[in-house]
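Visitor: Input: one structure, supplied below.
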Amino acid sequence: MSKAVIPIDRWLPHEHIPWVIAGPCSAESAEQMLQTARGLVSCPHVKVFRAGIWKPRTRPNSFEGVGEVGLDWLAQVKAETGLPTATEVANTEHVELCLKHRVDIIWVGARTTVSPFAVQEIADAVRGVDIPVLVKNPINAELGLWLGAIERLHDAGVRKLAAIHRGFSTYVEMQFRNDPKWQIPIELKRLFPELPLICDPSHISGSRQLVEPVAQMALDIGIQGLMIESHIDPDRALSDARQQVTPADLCRMLERLRVRNAPISDRDVKQKISRLRAEISHIDAKIIQDLAERMRWVEEIGRLKRQHNIPVLQLERWENLLEKHLAKAKELGLDEDFIKSLFEIIHTQAIKRQL
Ligand code: PEP
Ligand code: MN
């Protein structure tokens with residue numbers, strides 16, 4: 001997908017990496033907004049103040065945002081601190097109110113990116129308007145929906161465009177609230193290299209202590225922009241209390257993060273990297289060869305099962321194989337979840353080859 005977008009430093013100038021969009025999950029009161037913003041403005045990395053005005057909550061009877069009055073508070077924050085403002089929109093009315101109250105940047109939330117009707121409505125509402133739009137990934141791990149939303153906005157003429165990676169919801173319990181599945185934002189970057197990519201470690205981690213390590217992972221991958229939730233009194237926040245950090249903690253954290261932004265230029269390092277890449281590519285080629293050979297044996301066993309009327313799925317064999325491979329993985333210091341997922345894919349393919 002080759003689409004023109006305006007480089008981010010032309011519409012969001014920043015001298016520091018990471019550059020950060022920070023502010024509370026939700027606008028709650030004028031005081032809460034102003035106090036948070038006063039804490040954030042002294043932090044050189046923070047370039048934009050965010051706050052949710054309309055909150056799409058998973059369950060009813062939770063705090064659903066203060067609505068239009070919050071836009072006045074955003075304007076007050078901007079008047080006092082000079083920080084540009086950003087909020088989430090989910091329909092035409094939200095867009096129109098943001099334009100009326102001169103919000104600087106809008107974003108499409110994860111629960112809206114999943115709905116092509118809602119995204120199209122927002123795209124139509126910003127057609128011909130010069131306002132940057134950020135698109136969060138959909139809550140489910142589907143790159144197509146994320147790309148589709150970005151395309152709808154681009155087709156409506158939006159050129160100040162960026163994507164926000166906030167992780168993907170999972171049914172299983174895991175360390176993070178939302179699984180980062182880094183391969184998805186990386187694939188988005190491969191398909192649309194010009195599109196700026198921002199990481200939201202707050203919604204990925206879901207807990208205060210994990211915001212920093214996730215932000216560091218994003219930087220280590222090469223992502224330079226972050227959206228982080230910050231509240232003057234996080235424990236009393238009306239939404240996402242567990243993942244919000246105070247402005248002071250956020251500023252200290254941003255100072256601690258290590259930035260990797262050097263190109264591969266040193267000749268010696270370049271050569272070493274090339275040699276290591278050659279080794280890795282050689283192993284990759286071997287893995288593909290071995291997989292091809294494995295599938296040939298699979299087809300042969302498939303023929304035998306067919307001849308003798310034996311069902312393809314042999315649960316006991318699959319369980320034994322998995323158990324053995326996981327033990328081996330552990331012995332070799334490999335991540336067991338990784339090996340499990342890998343063999344689930346291989347096994348699914350093997351079943352397919354026998355049908
Ligand atoms: C938010 O940023 O507060 C929010 C609701 O995010 P998401 O759409 O990623 O859940
Ligand atoms: Mn939130």
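Order determines the names: the first chain of the structure tokens is A, the second B, and so forth; residues in each chain are numbered 1 upward, and ligands are numbered 1 upward as they are shown.
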Would you list, as an MDAnalysis selection string, the residues of region 70-128 of chain A that end up in strand (DSSP E or B) under DSSP run on this structure's backbone?
Guide: chainID A and resid 85:89 105:108
Visitor: List all protein, DNA and RNA residues that have any atom at most 7 Å from ligand 2, counting only C-alpha atoms and all ligand atoms, and write the list as a PyMOL selection string.
Guide: chain A and resi 25-26+203+229+239-240
Visitor: Report as a count of residues only all protein, DNA and RNA residues lying within 9 Å of region 144-149 of chain A, evaluated on only C-alpha atoms, omitting residues in the same chain fewer than 5 positions from it.
Guide: 16
Visitor: Residues at most 6 Å from ligand 1, using only C-alpha atoms and all ligand atoms? Could they come as a ChimeraX atom specification?
Guide: /A:25,52,109-111,166,203
Visitor: Please produce a file of those selected residues containing N, CA, C and O atoms, as a compact mmCIF listing (two decimals), in the first residue's frame.
Guide:
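After the write, selection37.txt holds the following:
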# COMPACT_ATOMS: atom_id res chain seq x y z
N CYS A 25 -6.98 9.06 31.11
CA CYS A 25 -7.85 8.20 30.32
C CYS A 25 -9.11 9.01 30.03
O CYS A 25 -9.49 9.18 28.88
N GLY A 52 -10.03 11.43 27.28
CA GLY A 52 -11.24 10.87 26.69
C GLY A 52 -12.45 11.63 27.20
O GLY A 52 -12.61 11.85 28.41
N GLY A 109 -10.90 5.17 18.37
CA GLY A 109 -10.59 4.18 19.40
C GLY A 109 -10.68 2.76 18.89
O GLY A 109 -11.26 2.49 17.83
N ALA A 110 -10.12 1.85 19.70
CA ALA A 110 -10.04 0.44 19.29
C ALA A 110 -11.42 -0.18 19.06
O ALA A 110 -11.58 -1.05 18.21
N ARG A 111 -12.42 0.27 19.85
CA ARG A 111 -13.75 -0.31 19.69
C ARG A 111 -14.49 0.28 18.51
O ARG A 111 -15.57 -0.20 18.14
N ARG A 166 -2.18 -0.47 20.41
CA ARG A 166 -2.58 -0.53 21.82
C ARG A 166 -2.85 -1.97 22.27
O ARG A 166 -3.45 -2.23 23.30
N HIS A 203 -2.52 0.92 27.52
CA HIS A 203 -3.58 -0.05 27.27
C HIS A 203 -3.03 -1.45 27.00
O HIS A 203 -3.72 -2.43 27.21
Visitor: Which is closest to Met227 (chain A) among A:Lys3, A:His165, A:Arg102, A:Arg317, if we use only C-alpha atoms?
Guide: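 Answer, going by the shortest atom-to-atom distance: A:His165.
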